[in-house]
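Source file: start_21.txt; contents: compact mmCIF, N, CA and C atoms.
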# COMPACT_ATOMS: atom_id res chain seq x y z
N ASN K 1 112.05 82.03 174.48
CA ASN K 1 110.82 81.36 174.16
C ASN K 1 110.59 80.15 175.08
N ILE K 2 111.67 79.45 175.42
CA ILE K 2 111.54 78.31 176.32
C ILE K 2 111.11 78.79 177.70
N TYR K 3 111.74 79.87 178.19
CA TYR K 3 111.38 80.41 179.49
C TYR K 3 109.92 80.87 179.48
N PHE K 4 109.49 81.50 178.41
CA PHE K 4 108.10 81.95 178.28
C PHE K 4 107.16 80.75 178.37
N GLN K 5 107.44 79.69 177.63
CA GLN K 5 106.57 78.51 177.64
C GLN K 5 106.52 77.86 179.03
N GLN K 6 107.66 77.82 179.70
CA GLN K 6 107.70 77.26 181.05
C GLN K 6 106.87 78.12 182.01
N MET K 7 106.99 79.42 181.86
CA MET K 7 106.24 80.32 182.73
C MET K 7 104.74 80.18 182.51
N VAL K 8 104.33 80.09 181.26
CA VAL K 8 102.91 79.90 180.94
C VAL K 8 102.42 78.59 181.55
N GLU K 9 103.20 77.55 181.42
CA GLU K 9 102.81 76.25 181.98
C GLU K 9 102.65 76.34 183.50
N ARG K 10 103.59 77.02 184.16
CA ARG K 10 103.52 77.15 185.62
C ARG K 10 102.32 77.98 186.07
N GLN K 11 101.94 78.97 185.28
CA GLN K 11 100.86 79.88 185.68
C GLN K 11 99.49 79.44 185.19
N SER K 12 99.41 78.41 184.37
CA SER K 12 98.13 78.04 183.75
C SER K 12 97.07 77.62 184.78
N GLU K 13 97.46 76.87 185.81
CA GLU K 13 96.48 76.47 186.81
C GLU K 13 95.97 77.69 187.60
N ARG K 14 96.89 78.56 187.95
CA ARG K 14 96.51 79.79 188.65
C ARG K 14 95.56 80.62 187.79
N TYR K 15 95.85 80.69 186.50
CA TYR K 15 95.01 81.42 185.55
C TYR K 15 93.61 80.81 185.49
N SER K 16 93.53 79.48 185.49
CA SER K 16 92.23 78.82 185.40
C SER K 16 91.38 79.07 186.64
N LYS K 17 92.03 79.28 187.78
CA LYS K 17 91.31 79.50 189.03
C LYS K 17 91.08 80.97 189.35
N ALA K 18 91.63 81.86 188.52
CA ALA K 18 91.50 83.30 188.77
C ALA K 18 90.03 83.70 188.69
N GLU K 19 89.65 84.60 189.56
CA GLU K 19 88.26 85.07 189.59
C GLU K 19 88.09 86.26 188.67
N GLY K 20 87.27 86.09 187.67
CA GLY K 20 86.91 87.18 186.78
C GLY K 20 88.03 87.61 185.84
N LYS K 21 87.66 88.54 185.00
CA LYS K 21 88.59 89.04 183.99
C LYS K 21 89.76 89.79 184.63
N LEU K 22 89.50 90.52 185.70
CA LEU K 22 90.56 91.28 186.37
C LEU K 22 91.64 90.35 186.90
N GLY K 23 91.25 89.25 187.51
CA GLY K 23 92.23 88.30 188.03
C GLY K 23 93.09 87.72 186.93
N LYS K 24 92.47 87.38 185.80
CA LYS K 24 93.22 86.83 184.67
C LYS K 24 94.14 87.90 184.07
N THR K 25 93.65 89.13 183.99
CA THR K 25 94.45 90.23 183.45
C THR K 25 95.69 90.48 184.30
N LEU K 26 95.56 90.38 185.61
CA LEU K 26 96.71 90.58 186.50
C LEU K 26 97.77 89.50 186.27
N ILE K 27 97.35 88.27 186.06
CA ILE K 27 98.30 87.20 185.80
C ILE K 27 99.01 87.42 184.47
N VAL K 28 98.27 87.81 183.45
CA VAL K 28 98.87 88.12 182.14
C VAL K 28 99.88 89.25 182.28
N SER K 29 99.53 90.29 183.03
CA SER K 29 100.44 91.42 183.23
C SER K 29 101.71 91.00 183.95
N GLU K 30 101.58 90.13 184.94
CA GLU K 30 102.77 89.64 185.66
C GLU K 30 103.71 88.89 184.71
N ILE K 31 103.14 88.07 183.85
CA ILE K 31 103.97 87.32 182.91
C ILE K 31 104.67 88.27 181.96
N ILE K 32 103.95 89.25 181.43
CA ILE K 32 104.55 90.22 180.50
C ILE K 32 105.67 90.97 181.19
N ASP K 33 105.43 91.46 182.39
CA ASP K 33 106.45 92.21 183.12
C ASP K 33 107.69 91.36 183.38
N THR K 34 107.50 90.10 183.75
CA THR K 34 108.63 89.21 184.02
C THR K 34 109.44 88.96 182.76
N ILE K 35 108.76 88.65 181.67
CA ILE K 35 109.46 88.37 180.41
C ILE K 35 110.20 89.61 179.93
N ARG K 36 109.55 90.75 179.98
CA ARG K 36 110.20 91.99 179.54
C ARG K 36 111.39 92.34 180.43
N GLY K 37 111.29 92.06 181.71
CA GLY K 37 112.38 92.34 182.63
C GLY K 37 113.60 91.45 182.39
N LYS K 38 113.39 90.26 181.88
CA LYS K 38 114.49 89.32 181.65
C LYS K 38 115.08 89.41 180.25
N SER K 39 114.46 90.18 179.38
CA SER K 39 114.92 90.25 177.99
C SER K 39 115.39 91.67 177.66
N PRO K 40 116.60 91.80 177.15
CA PRO K 40 117.12 93.13 176.82
C PRO K 40 116.34 93.80 175.69
N GLY K 41 115.71 93.01 174.82
CA GLY K 41 114.97 93.58 173.69
C GLY K 41 113.50 93.79 173.95
N GLY K 42 113.04 93.51 175.15
CA GLY K 42 111.63 93.72 175.47
C GLY K 42 110.84 92.44 175.56
N GLY K 43 111.34 91.35 175.00
CA GLY K 43 110.74 90.06 175.21
C GLY K 43 109.70 89.60 174.21
N PHE K 44 108.96 90.47 173.60
CA PHE K 44 107.91 90.06 172.67
C PHE K 44 108.20 90.68 171.32
N VAL K 45 108.48 89.83 170.35
CA VAL K 45 108.87 90.30 169.03
C VAL K 45 108.04 89.60 167.95
N LYS K 46 108.06 90.19 166.79
CA LYS K 46 107.34 89.66 165.64
C LYS K 46 108.23 89.83 164.42
N GLN K 47 108.22 88.83 163.55
CA GLN K 47 109.04 88.92 162.35
C GLN K 47 108.17 89.36 161.18
N GLU K 48 108.66 90.40 160.49
CA GLU K 48 108.00 90.89 159.28
C GLU K 48 109.07 91.20 158.24
N ASN K 49 108.89 90.65 157.06
CA ASN K 49 109.82 90.88 155.95
C ASN K 49 111.27 90.56 156.34
N GLY K 50 111.45 89.49 157.11
CA GLY K 50 112.79 89.06 157.48
C GLY K 50 113.42 89.83 158.62
N LYS K 51 112.72 90.81 159.19
CA LYS K 51 113.25 91.59 160.30
C LYS K 51 112.38 91.38 161.53
N TRP K 52 113.03 91.47 162.70
CA TRP K 52 112.32 91.31 163.96
C TRP K 52 111.99 92.68 164.55
N TYR K 53 110.76 92.79 165.05
CA TYR K 53 110.29 94.04 165.66
C TYR K 53 109.68 93.73 167.03
N GLU K 54 109.94 94.62 167.97
CA GLU K 54 109.30 94.50 169.27
C GLU K 54 107.82 94.87 169.12
N VAL K 55 106.95 94.11 169.78
CA VAL K 55 105.52 94.40 169.71
C VAL K 55 105.09 95.14 170.97
N GLY K 56 103.98 95.81 170.88
CA GLY K 56 103.45 96.59 171.99
C GLY K 56 102.69 95.73 173.00
N ASP K 57 102.13 96.41 173.98
CA ASP K 57 101.42 95.73 175.06
C ASP K 57 100.23 94.92 174.56
N TRP K 58 99.48 95.47 173.62
CA TRP K 58 98.29 94.78 173.14
C TRP K 58 98.65 93.43 172.54
N SER K 59 99.63 93.41 171.66
CA SER K 59 100.05 92.15 171.03
C SER K 59 100.64 91.18 172.05
N ALA K 60 101.39 91.70 173.00
CA ALA K 60 101.97 90.85 174.05
C ALA K 60 100.86 90.22 174.89
N ARG K 61 99.84 91.01 175.23
CA ARG K 61 98.71 90.48 176.00
C ARG K 61 97.97 89.39 175.23
N GLU K 62 97.78 89.62 173.94
CA GLU K 62 97.11 88.62 173.10
C GLU K 62 97.91 87.32 173.09
N LYS K 63 99.22 87.43 172.93
CA LYS K 63 100.10 86.26 172.88
C LYS K 63 100.06 85.49 174.19
N VAL K 64 100.19 86.19 175.30
CA VAL K 64 100.19 85.54 176.61
C VAL K 64 98.84 84.90 176.90
N GLY K 65 97.76 85.65 176.66
CA GLY K 65 96.42 85.12 176.91
C GLY K 65 96.13 83.88 176.08
N GLN K 66 96.48 83.91 174.81
CA GLN K 66 96.26 82.75 173.95
C GLN K 66 97.10 81.56 174.39
N SER K 67 98.33 81.83 174.79
CA SER K 67 99.21 80.75 175.26
C SER K 67 98.65 80.10 176.53
N LEU K 68 98.11 80.90 177.44
CA LEU K 68 97.50 80.35 178.65
C LEU K 68 96.26 79.53 178.31
N ARG K 69 95.43 80.02 177.42
CA ARG K 69 94.24 79.26 177.01
C ARG K 69 94.63 77.96 176.33
N ASN K 70 95.66 77.99 175.49
CA ASN K 70 96.14 76.76 174.84
C ASN K 70 96.65 75.76 175.87
N ALA K 71 97.37 76.24 176.87
CA ALA K 71 97.88 75.36 177.92
C ALA K 71 96.72 74.72 178.68
N LEU K 72 95.70 75.50 178.98
CA LEU K 72 94.53 74.97 179.69
C LEU K 72 93.80 73.94 178.83
N HIS K 73 93.68 74.22 177.55
CA HIS K 73 93.02 73.28 176.65
C HIS K 73 93.76 71.94 176.67
N GLY K 74 95.08 71.99 176.65
CA GLY K 74 95.89 70.78 176.71
C GLY K 74 95.67 70.02 178.01
N HIS K 75 95.57 70.75 179.13
CA HIS K 75 95.34 70.13 180.43
C HIS K 75 93.97 69.44 180.45
N TYR K 76 92.94 70.15 179.96
CA TYR K 76 91.59 69.59 179.95
C TYR K 76 91.50 68.39 179.02
N ALA K 77 92.15 68.45 177.88
CA ALA K 77 92.11 67.34 176.93
C ALA K 77 92.79 66.12 177.54
N ASN K 78 93.92 66.30 178.21
CA ASN K 78 94.60 65.18 178.87
C ASN K 78 93.75 64.61 180.00
N TYR K 79 93.11 65.48 180.76
CA TYR K 79 92.24 65.05 181.86
C TYR K 79 91.09 64.20 181.34
N LEU K 80 90.43 64.67 180.29
CA LEU K 80 89.32 63.92 179.71
C LEU K 80 89.79 62.59 179.14
N PHE K 81 90.91 62.60 178.44
CA PHE K 81 91.44 61.38 177.86
C PHE K 81 91.75 60.35 178.94
N ASN K 82 92.41 60.81 180.01
CA ASN K 82 92.78 59.91 181.09
C ASN K 82 91.54 59.35 181.81
N ASN K 83 90.53 60.19 182.01
CA ASN K 83 89.30 59.72 182.66
C ASN K 83 88.54 58.73 181.79
N LEU K 84 88.45 59.01 180.50
CA LEU K 84 87.76 58.10 179.60
C LEU K 84 88.50 56.78 179.48
N SER K 85 89.83 56.84 179.46
CA SER K 85 90.63 55.63 179.36
C SER K 85 90.46 54.78 180.61
N SER K 86 90.44 55.40 181.78
CA SER K 86 90.31 54.64 183.02
C SER K 86 88.90 54.06 183.17
N GLN K 87 87.89 54.73 182.64
CA GLN K 87 86.52 54.21 182.71
C GLN K 87 86.33 53.03 181.76
N ALA K 88 87.07 53.03 180.67
CA ALA K 88 86.95 51.96 179.69
C ALA K 88 87.63 50.67 180.18
N SER K 89 88.53 50.82 181.14
CA SER K 89 89.28 49.66 181.65
C SER K 89 88.45 48.80 182.56
Reformat the file's structure so that it appears as structure tokens.
Amino acid sequence: NIYFQQMVERQSERYSKAEGKLGKTLIVSEIIDTIRGKSPGGGFVKQENGKWYEVGDWSAREKVGQSLRNALHGHYANYLFNNLSSQAS
């Protein structure tokens, strides 16, 4: 999970600059492939009724896409905060 979060953080700027949906989809696919390649269990799991299950491509794509959007939101919020703070000074 730490490696996943670091990877999302590293790719978030590239994701924000990607042209169109295809460009963003390719970045999401690269992240999924990398995580799955580094994890013996497939990398994306979900807990139900106390047991862990590997999730399919659709759920993995949703998770990665949402994580990238959340990272971008954090970047934009920090950018706005810093700009407003510097203008108030």
With distances taken over only C-alpha atoms, which residue among K:Gln66, K:Asn49, K:Gln5, K:Gln11 lies nearest Leu26 in chain K?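 That would be K:Gln11, the residue with the smallest distance to Leu26 in chain K.
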Identify, on the basis of all atoms listed in the file, every residue whose closest approach to Glu54 in chain K does not exceed 8 Å; exclude the query and any residue fewer than 3 positions from it along the same chain; express the result as an MDAnalysis selection string. chainID K and resid 41:47 51 57
Can you tell me, as a compact mmCIF listing (two decimals) with N, CA and C atoms, in the frame of the given file, which residues in chain K count as strand (DSSP E or B) by DSSP?
# COMPACT_ATOMS: atom_id res chain seq x y z
N VAL K 45 108.48 89.83 170.35
CA VAL K 45 108.87 90.30 169.03
C VAL K 45 108.04 89.60 167.95
N LYS K 46 108.06 90.19 166.79
CA LYS K 46 107.34 89.66 165.64
C LYS K 46 108.23 89.83 164.42
N GLN K 47 108.22 88.83 163.55
CA GLN K 47 109.04 88.92 162.35
C GLN K 47 108.17 89.36 161.18
N GLU K 48 108.66 90.40 160.49
CA GLU K 48 108.00 90.89 159.28
C GLU K 48 109.07 91.20 158.24
N LYS K 51 112.72 90.81 159.19
CA LYS K 51 113.25 91.59 160.30
C LYS K 51 112.38 91.38 161.53
N TRP K 52 113.03 91.47 162.70
CA TRP K 52 112.32 91.31 163.96
C TRP K 52 111.99 92.68 164.55
N TYR K 53 110.76 92.79 165.05
CA TYR K 53 110.29 94.04 165.66
C TYR K 53 109.68 93.73 167.03
N GLU K 54 109.94 94.62 167.97
CA GLU K 54 109.30 94.50 169.27
C GLU K 54 107.82 94.87 169.12
Excluding same-chain residues fewer than 3 positions from range 59-64 of chain K, what lies within 7 Å of it counting only C-alpha atoms, as a short mmCIF file (atom, residue, chain, number, x, y, z; two decimals) with N, CA and C atoms, in the frame of the given file?
data_model
loop_
_atom_site.label_atom_id
_atom_site.label_comp_id
_atom_site.auth_asym_id
_atom_site.auth_seq_id
_atom_site.Cartn_x
_atom_site.Cartn_y
_atom_site.Cartn_z
N VAL K 28 98.27 87.81 183.45
CA VAL K 28 98.87 88.12 182.14
C VAL K 28 99.88 89.25 182.28
N ILE K 32 103.95 89.25 181.43
CA ILE K 32 104.55 90.22 180.50
C ILE K 32 105.67 90.97 181.19
N PHE K 44 108.96 90.47 173.60
CA PHE K 44 107.91 90.06 172.67
C PHE K 44 108.20 90.68 171.32
N VAL K 55 106.95 94.11 169.78
CA VAL K 55 105.52 94.40 169.71
C VAL K 55 105.09 95.14 170.97
N GLY K 56 103.98 95.81 170.88
CA GLY K 56 103.45 96.59 171.99
C GLY K 56 102.69 95.73 173.00
N SER K 67 98.33 81.83 174.79
CA SER K 67 99.21 80.75 175.26
C SER K 67 98.65 80.10 176.53
N LEU K 68 98.11 80.90 177.44
CA LEU K 68 97.50 80.35 178.65
C LEU K 68 96.26 79.53 178.31
#
Please measure the separation of CA of Thr34 in chain K and atom C of Glu19 in chain K, giving the value in Å to one decimal.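 Those two atoms sit 21.3 Å apart.
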Rounded to one decimal, what separation in Å do you get between CA of Gly65 in chain K and CA of Gly37 in chain K? 18.4 Å
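For the atom pair formed by CA of Ala71 in chain K and CA of Tyr15 in chain K, the distance is 10.2 Å, given to one decimal.
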Taking only chain K into account, list the residues labelled helix (DSSP H, G or I) by DSSP (computed from the backbone), as a PyMOL selection string. chain K and resi 2-17+20-38+57-88
